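S.K.: Once you've had a glance at the structure underneath, I'll fire off some questions.
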Amino acid sequence: MPASGAENALGRSGRWVWAVLLLVALILQVQAQRQQSLTGDGGVHLIAGHQALRYGENLVNWEHPPLVKLIAAIPAALRAEQLLPPLDAKDTFRGMTQLHEQAETMLAATFAGRALVQILIVLPALFACFWLGKRFHSPECGLVLTLLLTLSFSSLPTLAILQTDGGALLGYAATTCLCLRYLDRPTLLRALGVGFAFGVGMASKYSALLLAPTLLLTFVLAQNRGYRRINDALVAGLGTLLVLGSVYGVANRNLSIEANSRVIEQYMSNQATLVVKDELRKHEELVTNLAKISPSLSQFAVGFLGIRAQNQIGVYPSYALGKVSSQGRWWYFPLLALVKVPVAVLVLLLLLGAAQWRYWRRIPKVDRAVVASAVLVYLLVAFTSNYNIGFRHLLPVTPLLLLPLAMVLADRLRLAVGLLAVLALESLLIAPLWISSTNSWWLDSNNPSRFWFSGGNLEFSQNFLTLAQDLPKDQPVGFLFPGKDTTTLAAYAPGAWSIPPGTTELEPGLYVVSVLVEQYLPAVPRSTPEEVHGYEALLHLVEGLAVPWQLIKQGEDLGYVAGTFHLYRLPAVAQTPGSGN
């Protein structure tokens with residue numbers, strides 16, 4: 001039976017309880033915004049948005065649509081001085097170096113951009129989550145669902161970092177809400193709203209395309225005549241095109257045909273940031289024709305086809321349970337959820353399983369069909385994809401997966417508040433190391449699962465700000481961290497320098513080894529060329545890193561710091577045998 005009234009089962013202090021929990025959620029979001037450094041894709045998104053806003057040409061990072069990037073880059077683009085010169089897709093990594101050369105400006109733009117994304121993307125997404133809980137049960141259910149998302153360490157940091165997953169969450173939550181409202185009373189205005197919400201998701205991340213079957217199902221189930229369904233579906237499609245056209249229009253307001261064609265060729269010839277081999281060449285005629293109709297449409301097509309090609313090739317060598325593979329593993333996300341979802345949530349999911357099913361069965365069949373289609377299509381693609389690189393990729397459907405639990409807890413408010421208090425305390429205790437934490441974090445160095453996974457589940461670089469607090473100021477510190485140059489490292493820890501692969505001699509001092517090295521160096525040689533894309537190049541890099549790694553391990557082991565960094569001190573010169581000859 002739905003909970004009734006704010007005091008329900010909590011006495012007169014009910015409203016204060018919710019207020020305190022919401023305040024803690026806000027504090028955690030501010031922490032996530034201010035205390036995490038740029039993640040792997042965050043810098044690229046900031047650069048891409050800056051380029052589009054400052055110069056009116058969307059030529060960087062076509063692998064993601066522009067909406068979230070444009071919002072995140074507004075503070076950087078409004079600066080009087082030029083942050084970066086005009087760049088093409090092939091210049092992206094050079095742009096990353098130039099960005100980190102301006103460390104103070106980069107951090108200010110990062111924090112301000114995150115705040116805007118939280119206001120304009122994340123808050124509407126959370127409101128949509130609240131509405132879902134309220135519709136299916138009660139306002140208390142909406143609050144529980146929203147707080148489960150914002151207080152759990154597995155999801156709260158993703159709402160603040162400069163990734164496009166927040167936009168995908170908004171697209172999924174808002175589209176689901178508006179599909180349900182349309183089914184309540186099918187009108188042209190509500191159909192247009194469905195199209196707008198879907199357009200927001202599509203303008204944020206290509207994974208929003210997975211909502212298309214849900215939209216189709218919605219118009220099939222609508223209680224109106226056949227021609228009205230078709231008419232409403234067309235109106236929804238128009239709404240989607242209006243949103244996409246507006247977003248790409250802002251990003252490409254000064255775009256020249258020559259610049260667009262130049263970057264298309266960079267993607268086609270595998271010179272941009274997507275690894276596509278020759279897979280895009282077979283679509284060259286299609287893309288060329290689209291560019292004649294609309295340059296923005298050609299950008300959308302290249303990005304989508306490029307992501308699809310990367311998935312088919314399997315370009316990311318993902319680490320899990322001591323193995324490296326570029327191919328998808330069906331168990332990856334289920335096992336990842338068991339490791340990353342807080343223990344308290346997992347326990348209640350198990351103990352209240354039967355009750356959740358009863359509550360789920362009470363939902364009208366039409367509503368169940370809409371929610372289930374959104375979840376099942378997304379999970380089916382995720383489980384069969386080669387993009388096994390991060391728990392954040394489950395964020396769009398996380399509220400829908402937690403909805404039955406929130407419904408049960410809404411009738412057990414003391415238990416709900418207890419759970420939320422545990423989540424809040426947990427997230428406060430491990431702040432700001434949420435991304436690199438697992439649900440057995442409380443075991444500290446005995447935590448068996450903390451390094452089971454790699455990639456987006458540790459991120460490696462989002463803890464640079466925390467790491468810098470543990471290092472001496474302005475003193476040389478060597479970093480063994482593949483993919484990070486000295487400029488990037490020094491932006492967070494002045495005096496940091498990157499150790500080149502193959503280094504055979506190291507001076508006395510402090511050295512930091514990324515967990516990335518400790519995971520991949522033993523695992524890659526155990527893999528095969530069939531399992532790992534670019535195996536020979538990766539093996540060559542591993543062999544080059546193994547030499548300085550062995551030198552560093554001769555020093556004093558100072559343990560792990562800032563989640564994903566191993567700290568050592570070399571008391572004397574270390575060199576490989578024969579290197580001094």
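Chains: A, B, ... in order of the structure tokens. Residues: from 1 per chain. Ligands: from 1, in order shown.
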Wanna dump the segment 247-350 of chain A-segment 150-162 of chain A contacts at 9 Å for me, each residue with its shortest atom pair and the distance in Å to one decimal, counting only C-alpha atoms, ordered by chain and number, as JSON lines?
M.R.:
{"residue": "A:Lys340", "atom": "CA", "partner": "A:Ser154", "partner_atom": "CA", "distance": 5.8}
{"residue": "A:Val341", "atom": "CA", "partner": "A:Ser154", "partner_atom": "CA", "distance": 5.9}
{"residue": "A:Pro342", "atom": "CA", "partner": "A:Ser152", "partner_atom": "CA", "distance": 6.8}
{"residue": "A:Val345", "atom": "CA", "partner": "A:Ser152", "partner_atom": "CA", "distance": 8.9}
S.K.: May I have all residues of segment 65-162 of chain A that DSSP, computed from the backbone, assigns to helix (DSSP H, G or I), given as number ranges by chain?
M.R.: A: 67-72, 74-77, 89-101, 103-136, 139-151, 156-159
S.K.: Which of segment 289-503 of chain A end up as strand (DSSP E or B) when DSSP is run on this backbone - answer as a list of chain:residue names?
M.R.: A:Ser318, A:Tyr319, A:Ala320, A:Lys323, A:Val324, A:Ser325, A:Phe453, A:Val477, A:Gly478, A:Phe479, A:Leu480, A:Ala496, A:Trp497, A:Ser498
S.K.: Can those selected residues be exported to a file as an mmCIF file, in the first residue's frame so that it contains N, CA, C and O atoms?
M.R.:
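Result file follows (part_4.cif):
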data_model
loop_
_atom_site.group_PDB
_atom_site.id
_atom_site.type_symbol
_atom_site.label_atom_id
_atom_site.label_comp_id
_atom_site.auth_asym_id
_atom_site.auth_seq_id
_atom_site.Cartn_x
_atom_site.Cartn_y
_atom_site.Cartn_z
ATOM 1 N N SER A 318 40.274 -4.820 -22.818
ATOM 2 C CA SER A 318 39.718 -4.672 -21.473
ATOM 3 C C SER A 318 40.279 -5.727 -20.527
ATOM 4 O O SER A 318 40.365 -6.907 -20.870
ATOM 5 N N TYR A 319 40.619 -5.283 -19.316
ATOM 6 C CA TYR A 319 41.171 -6.182 -18.296
ATOM 7 C C TYR A 319 40.079 -6.593 -17.318
ATOM 8 O O TYR A 319 39.312 -5.758 -16.820
ATOM 9 N N ALA A 320 39.973 -7.891 -17.050
ATOM 10 C CA ALA A 320 39.043 -8.393 -16.043
ATOM 11 C C ALA A 320 39.542 -9.732 -15.526
ATOM 12 O O ALA A 320 39.871 -10.635 -16.305
ATOM 13 N N LYS A 323 42.735 -11.318 -16.960
ATOM 14 C CA LYS A 323 42.796 -11.563 -18.403
ATOM 15 C C LYS A 323 42.542 -10.274 -19.160
ATOM 16 O O LYS A 323 41.780 -9.414 -18.716
ATOM 17 N N VAL A 324 43.185 -10.144 -20.325
ATOM 18 C CA VAL A 324 42.961 -9.010 -21.208
ATOM 19 C C VAL A 324 42.328 -9.519 -22.487
ATOM 20 O O VAL A 324 42.803 -10.479 -23.093
ATOM 21 N N SER A 325 41.233 -8.891 -22.888
ATOM 22 C CA SER A 325 40.556 -9.289 -24.122
ATOM 23 C C SER A 325 39.870 -8.081 -24.741
ATOM 24 O O SER A 325 39.343 -7.218 -24.033
ATOM 25 N N PHE A 453 38.910 -5.388 -12.047
ATOM 26 C CA PHE A 453 38.572 -4.794 -13.335
ATOM 27 C C PHE A 453 39.473 -3.596 -13.603
ATOM 28 O O PHE A 453 40.162 -3.105 -12.718
ATOM 29 N N VAL A 477 58.865 13.701 -9.183
ATOM 30 C CA VAL A 477 58.253 12.398 -8.906
ATOM 31 C C VAL A 477 58.061 11.700 -10.245
ATOM 32 O O VAL A 477 57.386 12.231 -11.133
ATOM 33 N N GLY A 478 58.649 10.525 -10.386
ATOM 34 C CA GLY A 478 58.523 9.788 -11.639
ATOM 35 C C GLY A 478 57.233 8.987 -11.692
ATOM 36 O O GLY A 478 56.850 8.360 -10.706
ATOM 37 N N PHE A 479 56.561 9.014 -12.834
ATOM 38 C CA PHE A 479 55.306 8.289 -13.030
ATOM 39 C C PHE A 479 55.473 7.228 -14.105
ATOM 40 O O PHE A 479 55.906 7.541 -15.232
ATOM 41 N N LEU A 480 55.139 6.007 -13.758
ATOM 42 C CA LEU A 480 55.037 4.948 -14.760
ATOM 43 C C LEU A 480 53.549 4.779 -15.065
ATOM 44 O O LEU A 480 52.829 4.066 -14.360
ATOM 45 N N ALA A 496 56.072 16.417 -11.449
ATOM 46 C CA ALA A 496 55.884 15.055 -11.965
ATOM 47 C C ALA A 496 56.461 14.933 -13.372
ATOM 48 O O ALA A 496 56.412 15.881 -14.164
ATOM 49 N N TRP A 497 57.004 13.769 -13.666
ATOM 50 C CA TRP A 497 57.516 13.512 -15.010
ATOM 51 C C TRP A 497 57.220 12.077 -15.414
ATOM 52 O O TRP A 497 57.105 11.186 -14.570
ATOM 53 N N SER A 498 57.043 11.870 -16.704
ATOM 54 C CA SER A 498 56.659 10.562 -17.224
ATOM 55 C C SER A 498 57.878 9.738 -17.580
ATOM 56 O O SER A 498 58.790 10.209 -18.278
#
S.K.: Mind giving me the straight-line distance from atom CA of Val117 of chain A to atom CA of Leu46 of chain A in Å, one decimal?
M.R.: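 Straight-line distance from atom CA of Val117 of chain A to atom CA of Leu46 of chain A works out to 11.6 Å.
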S.K.: For segment 208-265 of chain A against segment 302-316 of chain A, with a cut-off of 12 Å and counting only C-alpha atoms, what is the closest atom pair and its distance in Å to one decimal for every residue that makes the cut, ordered by chain and number, as JSON lines?
M.R.:
{"residue": "A:Ala208", "atom": "CA", "partner": "A:Phe304", "partner_atom": "CA", "distance": 11.2}
{"residue": "A:Leu209", "atom": "CA", "partner": "A:Phe304", "partner_atom": "CA", "distance": 9.8}
{"residue": "A:Asn260", "atom": "CA", "partner": "A:Val302", "partner_atom": "CA", "distance": 11.1}
{"residue": "A:Ser261", "atom": "CA", "partner": "A:Val302", "partner_atom": "CA", "distance": 11.4}
{"residue": "A:Val263", "atom": "CA", "partner": "A:Val302", "partner_atom": "CA", "distance": 10.0}
{"residue": "A:Ile264", "atom": "CA", "partner": "A:Val302", "partner_atom": "CA", "distance": 7.4}
{"residue": "A:Glu265", "atom": "CA", "partner": "A:Val302", "partner_atom": "CA", "distance": 10.2}
S.K.: Looking at A:Gln223, A:Ser37, A:Asn457, A:Ser269, which one is nearest to Thr187 of chain A, with distances taken over only C-alpha atoms?
M.R.: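 Closest candidate: A:Gln223.
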S.K.: Quick one: residues within 10 Å of segment 266-268 of chain A, only C-alpha atoms, excluding same-chain residues fewer than 5 positions away - as a list in words?
M.R.: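 Using only C-alpha atoms, the neighbours found are Trp62, Asp88, Ala89, Lys90, Asn260, Ser261, Thr273, Leu274, Val275, Val276, Lys277, Asp278, Glu279, Leu280, Arg281, Lys282, His283, Glu284, Val287, Val302, Gly303 and Gly306 of chain A.
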S.K.: Between A:Leu53, A:Leu180, A:Ala125, A:Leu221, single out the one closest to Leu145 of chain A, counting only C-alpha atoms.
M.R.: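 Answer, going by the shortest atom-to-atom distance: A:Ala125.
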S.K.: Near segment 292-298 of chain A, within 8 Å and counting only C-alpha atoms, which residues show up once chain neighbours fewer than 3 positions away are dropped, as a list of chain:residue names?
M.R.: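 Contacts, in chain order: A:Gly245, A:Tyr248, A:Gly249, A:Asn252, A:Ile257, A:Asn260, A:Val287, A:Thr288, A:Asn289, A:Ala301, A:Val302.
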S.K.: Hey, can you check how far atom CA of Val200 of chain A sits from atom CA of Gly171 of chain A?
M.R.: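 Atom CA of Val200 of chain A sits 5.6 Å away from atom CA of Gly171 of chain A.
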S.K.: Check the smallest atom-to-atom distance from each of A:Ser385, A:Asn463, A:Thr487, A:Thr92 to Gln271 of chain A using only C-alpha atoms, then report the winner.
M.R.: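 So, comparing all the options, the nearest one is A:Thr92.
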S.K.: Write out as a list in words the residues lying within 8 Å of segment 518-520 of chain A, counting only C-alpha atoms and excluding same-chain residues fewer than 3 positions away.
M.R.: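 Counting only the stated atoms, we get Tyr319, Gly322, Val324, Phe451, Ser454, Val513, Ser514, Val515, Ala523, Val524 and Val542 of chain A.
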S.K.: Might you pull out every residue within 9 Å of segment 371-373 of chain A, with only C-alpha atoms counted and same-chain residues fewer than 2 positions away left off, and present them as number ranges by chain?
M.R.: A: 176, 211, 213-214, 217, 366-369, 375-378, 400
S.K.: Find the residue from A:Ala355, A:Leu516, A:Leu567, A:Val250 that sits nearest to Lys484 of chain A; use only C-alpha atoms when measuring.
M.R.: A:Leu516
S.K.: Please list as a VMD selection string every residue within 9 Å of Gly534 of chain A, counting only C-alpha atoms and excluding residues in the same chain fewer than 3 positions away.
M.R.: chain A and resid 315 317 529 537 to 539
S.K.: Figure out the distance between atom CA of Ser204 of chain A and atom CA of Phe391 of chain A, please, to one decimal in Å.
M.R.: 18.0 Å
